[in-house]
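What follows is the content of my_file_16.cif, which has mmCIF, C-alpha atoms:
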```cif
data_input
loop_
_atom_site.label_atom_id
_atom_site.label_comp_id
_atom_site.auth_asym_id
_atom_site.auth_seq_id
_atom_site.Cartn_x
_atom_site.Cartn_y
_atom_site.Cartn_z
CA ALA A 21 6.62 -67.52 -75.38
CA ALA A 22 7.17 -64.24 -73.56
CA GLY A 23 5.72 -64.07 -70.08
CA VAL A 24 5.03 -61.33 -67.57
CA ILE A 25 8.26 -59.95 -66.15
CA GLN A 26 8.57 -58.46 -62.70
CA SER A 27 11.53 -56.72 -61.17
CA PRO A 28 13.11 -56.94 -58.81
CA ARG A 29 12.39 -60.52 -57.78
CA HIS A 30 13.43 -59.84 -54.20
CA LEU A 31 13.62 -56.58 -52.29
CA ILE A 32 14.58 -55.82 -48.73
CA LYS A 33 13.71 -52.44 -47.26
CA GLU A 34 13.66 -50.79 -43.86
CA LYS A 35 10.53 -49.35 -42.24
CA ARG A 36 9.52 -45.94 -43.57
CA GLU A 37 11.53 -46.43 -46.77
CA THR A 38 10.04 -46.40 -50.23
CA ALA A 39 9.99 -49.15 -52.83
CA THR A 40 9.15 -49.34 -56.51
CA LEU A 41 8.09 -52.58 -58.12
CA LYS A 42 7.99 -52.93 -61.88
CA CYS A 43 5.87 -55.10 -64.12
CA TYR A 44 6.31 -55.70 -67.84
CA PRO A 45 3.22 -57.34 -69.34
CA ILE A 46 3.16 -59.86 -72.12
CA PRO A 47 3.62 -58.03 -75.47
CA ARG A 48 0.33 -56.59 -76.79
CA HIS A 49 -1.38 -56.99 -73.42
CA ASP A 50 -2.91 -53.67 -72.40
CA THR A 51 -4.29 -54.49 -68.95
CA VAL A 52 -2.18 -54.91 -65.84
CA TYR A 53 -3.29 -56.08 -62.41
CA TRP A 54 -1.43 -55.90 -59.09
CA TYR A 55 -1.96 -58.33 -56.22
CA GLN A 56 -0.50 -58.60 -52.72
CA GLN A 57 -0.11 -61.92 -50.97
CA GLY A 58 0.90 -61.79 -47.33
CA PRO A 59 2.52 -64.80 -45.64
CA GLY A 60 0.00 -67.61 -45.47
CA GLN A 61 -2.75 -65.45 -46.96
CA ASP A 62 -4.79 -65.37 -50.14
CA PRO A 63 -3.70 -62.95 -52.82
CA GLN A 64 -5.57 -59.65 -52.57
CA PHE A 65 -6.34 -57.46 -55.54
CA LEU A 66 -4.75 -54.02 -55.26
CA ILE A 67 -5.32 -52.12 -58.48
CA SER A 68 -5.60 -52.53 -62.24
CA PHE A 69 -4.89 -50.44 -65.30
CA TYR A 70 -6.33 -50.56 -68.78
CA GLU A 71 -4.79 -48.56 -71.58
CA LYS A 72 -2.72 -46.49 -69.14
CA MET A 73 -5.70 -45.51 -67.02
CA GLN A 74 -6.70 -46.91 -63.66
CA SER A 75 -9.63 -49.23 -64.26
CA ASP A 76 -10.35 -50.75 -60.88
CA LYS A 77 -9.17 -50.31 -57.32
CA GLY A 78 -9.10 -52.90 -54.59
CA SER A 79 -7.51 -52.90 -51.17
CA ILE A 80 -4.58 -50.67 -52.04
CA PRO A 81 -3.37 -48.52 -49.12
CA ASP A 82 -3.16 -44.77 -49.60
CA ARG A 83 0.61 -45.06 -49.13
CA PHE A 84 0.79 -46.98 -52.39
CA SER A 85 0.35 -45.60 -55.85
CA ALA A 86 0.67 -47.12 -59.27
CA GLN A 87 0.64 -46.14 -62.86
CA GLN A 88 0.84 -47.66 -66.32
CA PHE A 89 3.16 -46.13 -68.87
CA SER A 90 2.93 -45.65 -72.63
CA ASP A 91 4.76 -48.94 -73.24
CA TYR A 92 2.15 -50.63 -70.96
CA HIS A 93 4.61 -51.48 -68.23
CA SER A 94 3.42 -50.62 -64.75
CA GLU A 95 5.09 -49.52 -61.55
CA LEU A 96 3.81 -49.91 -58.01
CA ASN A 97 5.22 -47.26 -55.71
CA MET A 98 5.13 -47.93 -52.01
CA SER A 99 6.01 -45.26 -49.47
CA SER A 100 6.38 -45.20 -45.68
CA LEU A 101 6.81 -48.95 -45.70
CA GLU A 102 5.47 -50.87 -42.74
CA LEU A 103 6.35 -54.33 -41.47
CA GLY A 104 2.92 -55.51 -42.64
CA ASP A 105 3.80 -54.64 -46.22
CA SER A 106 6.12 -57.65 -46.33
CA ALA A 107 4.49 -59.84 -48.93
CA LEU A 108 4.70 -61.33 -52.38
CA TYR A 109 3.50 -58.83 -54.96
CA PHE A 110 2.16 -60.30 -58.17
CA CYS A 111 1.53 -58.57 -61.41
CA ALA A 112 -0.71 -60.10 -64.07
CA SER A 113 -1.62 -58.99 -67.56
CA SER A 114 -4.42 -59.72 -69.97
CA SER A 115 -4.91 -59.07 -73.66
CA PRO A 116 -7.25 -56.62 -75.37
CA TYR A 117 -10.86 -57.46 -76.14
CA ARG A 118 -10.23 -57.11 -79.81
CA LEU A 119 -7.52 -59.80 -79.82
CA ALA A 120 -8.74 -62.46 -77.45
CA VAL A 121 -11.92 -64.12 -76.40
CA PRO A 122 -12.38 -64.23 -73.50
CA PRO A 123 -10.34 -61.14 -72.68
CA ASP A 124 -10.00 -61.44 -68.95
CA GLU A 125 -7.68 -64.44 -68.71
CA GLN A 126 -4.83 -63.23 -66.61
CA PHE A 127 -1.24 -64.32 -66.95
CA PHE A 128 0.80 -63.97 -63.80
CA GLY A 129 4.35 -62.82 -63.33
CA PRO A 130 6.73 -64.59 -60.96
CA GLY A 131 6.17 -62.06 -58.19
CA THR A 132 8.38 -59.70 -56.21
CA ARG A 133 9.06 -60.74 -52.66
CA LEU A 134 9.27 -57.64 -50.49
CA THR A 135 10.66 -57.89 -47.00
CA VAL A 136 10.37 -54.89 -44.70
CA LEU A 137 12.69 -54.97 -41.70
CA LYS B 10 -19.38 -65.60 -45.71
CA ASN B 11 -16.44 -65.54 -48.11
CA GLU B 12 -17.27 -64.94 -51.74
CA VAL B 13 -15.16 -67.90 -52.87
CA GLU B 14 -14.79 -71.06 -50.83
CA GLN B 15 -12.76 -74.17 -51.46
CA SER B 16 -12.67 -77.65 -50.06
CA PRO B 17 -10.74 -79.38 -48.78
CA GLN B 18 -8.25 -76.90 -47.30
CA ASN B 19 -5.54 -79.54 -47.16
CA LEU B 20 -5.26 -82.78 -49.05
CA THR B 21 -2.67 -85.54 -48.93
CA ALA B 22 -2.78 -88.23 -51.57
CA GLN B 23 -0.69 -91.16 -52.70
CA GLU B 24 0.88 -91.06 -56.12
CA GLY B 25 -1.57 -92.29 -58.74
CA GLU B 26 -4.73 -91.32 -56.87
CA PHE B 27 -7.57 -89.37 -58.46
CA ILE B 28 -7.95 -85.99 -56.78
CA THR B 29 -10.88 -83.61 -56.67
CA ILE B 30 -10.81 -80.05 -55.35
CA ASN B 31 -14.06 -78.15 -55.07
CA CYS B 32 -14.86 -74.47 -55.34
CA SER B 33 -18.10 -72.65 -54.67
CA TYR B 34 -18.79 -68.97 -55.10
CA SER B 35 -21.58 -66.62 -54.14
CA VAL B 36 -21.15 -63.69 -56.55
CA GLY B 37 -22.00 -63.17 -60.18
CA ILE B 38 -18.99 -63.96 -62.31
CA SER B 39 -17.78 -63.62 -65.85
CA ALA B 40 -15.29 -66.46 -65.48
CA LEU B 41 -13.77 -68.84 -62.96
CA HIS B 42 -10.06 -69.53 -62.85
CA TRP B 43 -8.04 -72.37 -61.43
CA LEU B 44 -4.51 -71.37 -60.48
CA GLN B 45 -1.56 -73.35 -59.22
CA GLN B 46 0.92 -71.86 -56.78
CA HIS B 47 4.14 -73.73 -56.11
CA PRO B 48 6.16 -73.46 -52.87
CA GLY B 49 8.37 -70.77 -54.43
CA GLY B 50 5.28 -68.61 -54.78
CA GLY B 51 4.87 -68.40 -58.54
CA ILE B 52 1.30 -68.55 -59.81
CA VAL B 53 0.35 -70.38 -62.99
CA SER B 54 -3.06 -70.14 -64.58
CA LEU B 55 -4.38 -73.65 -65.24
CA PHE B 56 -7.86 -73.02 -66.55
CA MET B 57 -10.32 -70.27 -67.18
CA LEU B 58 -13.92 -71.42 -67.43
CA SER B 59 -17.22 -69.76 -68.09
CA SER B 60 -19.17 -72.95 -68.79
CA GLY B 61 -18.83 -76.68 -69.23
CA LYS B 62 -15.60 -78.55 -68.96
CA LYS B 63 -11.96 -78.20 -70.00
CA LYS B 64 -9.13 -80.71 -70.06
CA HIS B 65 -5.37 -80.23 -70.18
CA GLY B 66 -3.38 -83.42 -69.88
CA ARG B 67 -4.18 -84.98 -66.51
CA LEU B 68 -6.16 -81.96 -65.34
CA ILE B 69 -9.89 -81.56 -65.81
CA ALA B 70 -11.97 -78.59 -64.70
CA THR B 71 -15.75 -78.36 -64.67
CA ILE B 72 -18.14 -75.61 -63.80
CA ASN B 73 -21.87 -75.55 -63.05
CA ILE B 74 -23.02 -71.97 -63.41
CA GLN B 75 -26.50 -72.63 -61.97
CA GLU B 76 -25.06 -74.21 -58.84
CA LYS B 77 -22.13 -71.76 -58.66
CA HIS B 78 -19.71 -74.62 -58.27
CA SER B 79 -16.55 -75.80 -59.96
CA SER B 80 -14.30 -78.79 -59.53
CA LEU B 81 -10.68 -79.40 -60.44
CA HIS B 82 -9.74 -83.04 -60.99
CA ILE B 83 -6.25 -84.47 -61.23
CA THR B 84 -5.97 -87.95 -62.65
CA ALA B 85 -2.98 -90.21 -61.91
CA SER B 86 -1.56 -87.72 -59.44
CA HIS B 87 2.19 -87.28 -59.16
CA PRO B 88 4.42 -85.72 -56.48
CA ARG B 89 5.16 -82.82 -58.82
CA ASP B 90 1.46 -81.93 -58.59
CA SER B 91 2.09 -80.89 -54.97
CA ALA B 92 1.15 -77.23 -54.77
CA VAL B 93 -1.58 -74.90 -53.60
CA TYR B 94 -4.53 -74.84 -55.97
CA ILE B 95 -6.48 -71.63 -55.95
CA CYS B 96 -9.93 -70.99 -57.32
CA ALA B 97 -10.53 -67.39 -58.33
CA VAL B 98 -13.44 -65.63 -59.99
CA SER B 99 -13.56 -62.52 -62.12
CA ASP B 100 -16.60 -60.40 -61.49
CA ASN B 101 -19.26 -59.52 -64.01
CA TYR B 102 -17.12 -56.71 -65.38
CA GLY B 103 -14.15 -59.02 -65.87
CA GLN B 104 -11.92 -56.79 -63.79
CA ASN B 105 -11.92 -57.57 -60.11
CA PHE B 106 -10.37 -60.90 -59.28
CA VAL B 107 -11.47 -62.62 -56.05
CA PHE B 108 -9.34 -65.48 -54.79
CA GLY B 109 -10.42 -68.48 -52.78
CA PRO B 110 -8.35 -69.60 -49.80
CA GLY B 111 -6.56 -72.31 -51.75
CA THR B 112 -6.23 -76.04 -51.28
CA ARG B 113 -2.81 -77.32 -50.27
CA LEU B 114 -2.17 -80.62 -52.05
CA SER B 115 0.64 -82.98 -51.16
CA VAL B 116 1.14 -86.04 -53.31
CA LEU B 117 3.35 -88.64 -51.70
CA PRO B 118 5.49 -91.04 -53.73
#
```
So, in terms of structure tokens, how does the structure I just supplied come out?
Amino acid sequence: AAGVIQSPRHLIKEKRETATLKCYPIPRHDTVYWYQQGPGQDPQFLISFYEKMQSDKGSIPDRFSAQQFSDYHSELNMSSLELGDSALYFCASSSPYRLAVPPDEQFFGPGTRLTVL
Amino acid sequence: KNEVEQSPQNLTAQEGEFITINCSYSVGISALHWLQQHPGGGIVSLFMLSSGKKKHGRLIATINIQEKHSSLHITASHPRDSAVYICAVSDNYGQNFVFGPGTRLSVLP
């Protein structure tokens, strides 16, 4: 079965550079969630999108932005990277209310490991 | 006080032992999730519960909504079960996802 796809899987950037992480949800899933997990830390919710609109916002820095496109894939844009942004970034997707009960089961991608030097 | 707490934080077991990991939460939830994170970092959803009990193979998860408590049990544990097990809750709107600190399990052969 198709799973959530994230690209790239690994990314190395310098301080003050920008990075773009991509997430391709499971087909027919319309909700995408982004999480950040720092070394040795719990994952933290960043932001979510439902039907191409931002639905909830967590601890996402102002330097980060995200959007969901018409094909439901999502991109997390990170600017002015800092050393503390080094983390594993997870994307998860869930299926529409009309197709699944319960609707909020999230399926996780493999993560993108970002290293900021 | 953290919204989601787990115990124990670390657990070492011998192969074949019965393992229990506990989770308690303090917020209203629409569902509770048990996740497994392997050393490479990938997260796999094991269970999503809103009431009662679920079983998948050697894994059993229970939830008591009144007591705001859930347990994950592993029967006949195996070294490949070694991972971090994370309890997470989705809030009443089913959107925000709050993670517990995780329980690091090591199963020795």
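Here atom CA of Pro47 of chain A stands at a distance of 28.9 Å from atom CA of Lys62 of chain B.
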Evaluate the PyMOL selection byres ((chain A and resi 97) around 8) here and jot the selected residues down as number ranges by chain.
A: 38-41, 84-86, 95-96, 98-99
Would you put the residues from that selection into a file with C-alpha atoms, as a short mmCIF file (atom, residue, chain, number, x, y, z; two decimals), keeping the file's coordinate frame?
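Okay, again.cif is ready:
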```cif
data_model
loop_
_atom_site.label_atom_id
_atom_site.label_comp_id
_atom_site.auth_asym_id
_atom_site.auth_seq_id
_atom_site.Cartn_x
_atom_site.Cartn_y
_atom_site.Cartn_z
CA THR A 38 10.04 -46.40 -50.23
CA ALA A 39 9.99 -49.15 -52.83
CA THR A 40 9.15 -49.34 -56.51
CA LEU A 41 8.09 -52.58 -58.12
CA PHE A 84 0.79 -46.98 -52.39
CA SER A 85 0.35 -45.60 -55.85
CA ALA A 86 0.67 -47.12 -59.27
CA GLU A 95 5.09 -49.52 -61.55
CA LEU A 96 3.81 -49.91 -58.01
CA MET A 98 5.13 -47.93 -52.01
CA SER A 99 6.01 -45.26 -49.47
#
```
Can you build me a table of chain A residues sitting at most 10 Å from chain B, with the closest atom pair per residue and its distance in Å to one decimal, using all atoms listed in the file, sorted by chain and residue number, as a tab-separated table?
```
residue	atom	partner	partner_atom	distance
A:Thr51	CA	B:Gln104	CA	9.5
A:Tyr53	CA	B:Gln104	CA	8.8
A:Tyr55	CA	B:Phe106	CA	9.3
A:Gln57	CA	B:Gly50	CA	9.4
A:Gly60	CA	B:Pro110	CA	9.6
A:Gln61	CA	B:Pro110	CA	7.5
A:Asp62	CA	B:Pro110	CA	5.5
A:Pro63	CA	B:Phe108	CA	6.5
A:Gln64	CA	B:Phe108	CA	7.3
A:Phe65	CA	B:Phe106	CA	6.5
A:Leu66	CA	B:Asn105	CA	9.4
A:Ile67	CA	B:Asn105	CA	8.7
A:Ser68	CA	B:Gln104	CA	7.8
A:Phe69	CA	B:Gln104	CA	9.6
A:Tyr70	CA	B:Gln104	CA	9.7
A:Ser75	CA	B:Gln104	CA	7.9
A:Asp76	CA	B:Gln104	CA	6.9
A:Lys77	CA	B:Asn105	CA	8.2
A:Gly78	CA	B:Asn105	CA	7.8
A:Leu108	CA	B:Gly50	CA	7.7
A:Tyr109	CA	B:Gly50	CA	9.9
A:Phe110	CA	B:Ile52	CA	8.5
A:Ala112	CA	B:Ile52	CA	9.7
A:Pro122	CA	B:Ala40	CA	8.8
A:Pro123	CA	B:Gly103	CA	8.1
A:Asp124	CA	B:Gly103	CA	5.7
A:Glu125	CA	B:Met57	CA	6.6
A:Gln126	CA	B:Ser54	CA	7.4
A:Phe127	CA	B:Ser54	CA	6.5
A:Phe128	CA	B:Ile52	CA	6.1
A:Gly129	CA	B:Gly51	CA	7.4
A:Pro130	CA	B:Gly51	CA	4.9
A:Gly131	CA	B:Gly51	CA	6.5
A:Thr132	CA	B:Gly50	CA	9.5
A:Arg133	CA	B:Gly50	CA	9.0
```
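The interatomic distance for the pair atom CA of Glu71 of chain A and atom CA of Arg83 of chain A works out to 23.4 Å.
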By how many Å are atom CA of Lys35 of chain A and atom CA of Ser113 of chain A apart?
29.7 Å
With a distance cut-off of 7 Å and only C-alpha atoms, select the neighbouring residues of segment 67-78 of chain B, excluding the residue or stretch itself and same-chain residues fewer than 6 positions from it, and output the selection as an NGL selection string.
:B and (32-35 or 58 or 60-61 or 84)
Could segment 78-89 of chain B be completed with all heavy atoms and returned as a CSV table (one decimal), keeping the file's coordinate frame?
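The file below, result37.csv, is the result:
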```csv
chain,number,residue,atom,x,y,z
B,78,HIS,N,-20.6,-73.6,-58.8
B,78,HIS,CA,-19.7,-74.6,-58.3
B,78,HIS,C,-18.8,-75.1,-59.4
B,78,HIS,O,-19.2,-75.2,-60.5
B,78,HIS,CB,-20.5,-75.8,-57.7
B,78,HIS,CG,-19.6,-76.9,-57.2
B,78,HIS,ND1,-19.2,-77.9,-58.0
B,78,HIS,CD2,-19.1,-77.1,-55.9
B,78,HIS,CE1,-18.4,-78.7,-57.2
B,78,HIS,NE2,-18.4,-78.2,-56.0
B,79,SER,N,-17.5,-75.3,-59.0
B,79,SER,CA,-16.6,-75.8,-60.0
B,79,SER,C,-15.7,-76.8,-59.3
B,79,SER,O,-15.5,-76.8,-58.1
B,79,SER,CB,-15.7,-74.7,-60.5
B,79,SER,OG,-14.6,-75.2,-61.3
B,80,SER,N,-15.2,-77.8,-60.1
B,80,SER,CA,-14.3,-78.8,-59.5
B,80,SER,C,-13.1,-78.9,-60.4
B,80,SER,O,-13.1,-78.7,-61.6
B,80,SER,CB,-15.0,-80.2,-59.5
B,80,SER,OG,-16.0,-80.2,-58.6
B,81,LEU,N,-11.9,-79.1,-59.7
B,81,LEU,CA,-10.7,-79.4,-60.4
B,81,LEU,C,-10.3,-80.8,-60.1
B,81,LEU,O,-10.3,-81.2,-59.0
B,81,LEU,CB,-9.6,-78.5,-60.0
B,81,LEU,CG,-8.2,-78.7,-60.5
B,81,LEU,CD1,-8.1,-78.4,-62.0
B,81,LEU,CD2,-7.1,-77.9,-59.8
B,82,HIS,N,-10.1,-81.6,-61.2
B,82,HIS,CA,-9.7,-83.0,-61.0
B,82,HIS,C,-8.3,-83.3,-61.5
B,82,HIS,O,-7.9,-82.7,-62.5
B,82,HIS,CB,-10.7,-84.0,-61.8
B,82,HIS,CG,-12.1,-83.7,-61.5
B,82,HIS,ND1,-12.7,-84.2,-60.3
B,82,HIS,CD2,-13.1,-83.1,-62.2
B,82,HIS,CE1,-14.0,-83.9,-60.3
B,82,HIS,NE2,-14.3,-83.2,-61.4
B,83,ILE,N,-7.6,-84.1,-60.8
B,83,ILE,CA,-6.2,-84.5,-61.2
B,83,ILE,C,-6.3,-86.0,-61.3
B,83,ILE,O,-6.5,-86.7,-60.3
B,83,ILE,CB,-5.1,-84.0,-60.3
B,83,ILE,CG1,-5.2,-82.5,-60.1
B,83,ILE,CG2,-3.8,-84.4,-60.8
B,83,ILE,CD1,-4.2,-81.9,-59.0
B,84,THR,N,-6.0,-86.5,-62.5
B,84,THR,CA,-6.0,-88.0,-62.6
B,84,THR,C,-4.5,-88.4,-62.5
B,84,THR,O,-3.6,-87.6,-62.9
B,84,THR,CB,-6.5,-88.4,-64.0
B,84,THR,OG1,-5.7,-87.8,-65.0
B,84,THR,CG2,-8.0,-87.9,-64.2
B,85,ALA,N,-4.3,-89.6,-62.0
B,85,ALA,CA,-3.0,-90.2,-61.9
B,85,ALA,C,-2.0,-89.2,-61.3
B,85,ALA,O,-1.0,-88.8,-61.9
B,85,ALA,CB,-2.5,-90.7,-63.3
B,86,SER,N,-2.3,-88.8,-60.1
B,86,SER,CA,-1.6,-87.7,-59.4
B,86,SER,C,-0.1,-88.1,-59.3
B,86,SER,O,0.2,-89.3,-59.1
B,86,SER,CB,-2.2,-87.4,-58.1
B,86,SER,OG,-2.2,-88.5,-57.3
B,87,HIS,N,0.7,-87.1,-59.2
B,87,HIS,CA,2.2,-87.3,-59.2
B,87,HIS,C,2.7,-86.3,-58.1
B,87,HIS,O,2.2,-85.2,-57.9
B,87,HIS,CB,2.8,-87.0,-60.6
B,87,HIS,CG,4.2,-87.4,-60.7
B,87,HIS,ND1,5.2,-86.5,-60.3
B,87,HIS,CD2,4.8,-88.5,-61.2
B,87,HIS,CE1,6.4,-87.1,-60.5
B,87,HIS,NE2,6.2,-88.3,-61.0
B,88,PRO,N,3.9,-86.7,-57.5
B,88,PRO,CA,4.4,-85.7,-56.5
B,88,PRO,C,4.7,-84.3,-57.0
B,88,PRO,O,4.6,-83.3,-56.3
B,88,PRO,CB,5.7,-86.4,-56.1
B,88,PRO,CG,5.4,-87.9,-56.2
B,88,PRO,CD,4.5,-88.0,-57.4
B,89,ARG,N,4.9,-84.2,-58.3
B,89,ARG,CA,5.2,-82.8,-58.8
B,89,ARG,C,3.9,-82.0,-58.9
B,89,ARG,O,3.9,-80.8,-59.2
B,89,ARG,CB,5.8,-82.9,-60.2
B,89,ARG,CG,5.0,-83.5,-61.3
B,89,ARG,CD,5.6,-83.4,-62.7
B,89,ARG,NE,4.8,-84.1,-63.7
B,89,ARG,CZ,5.1,-85.3,-64.0
B,89,ARG,NH1,6.1,-86.0,-63.5
B,89,ARG,NH2,4.3,-85.9,-65.0
```
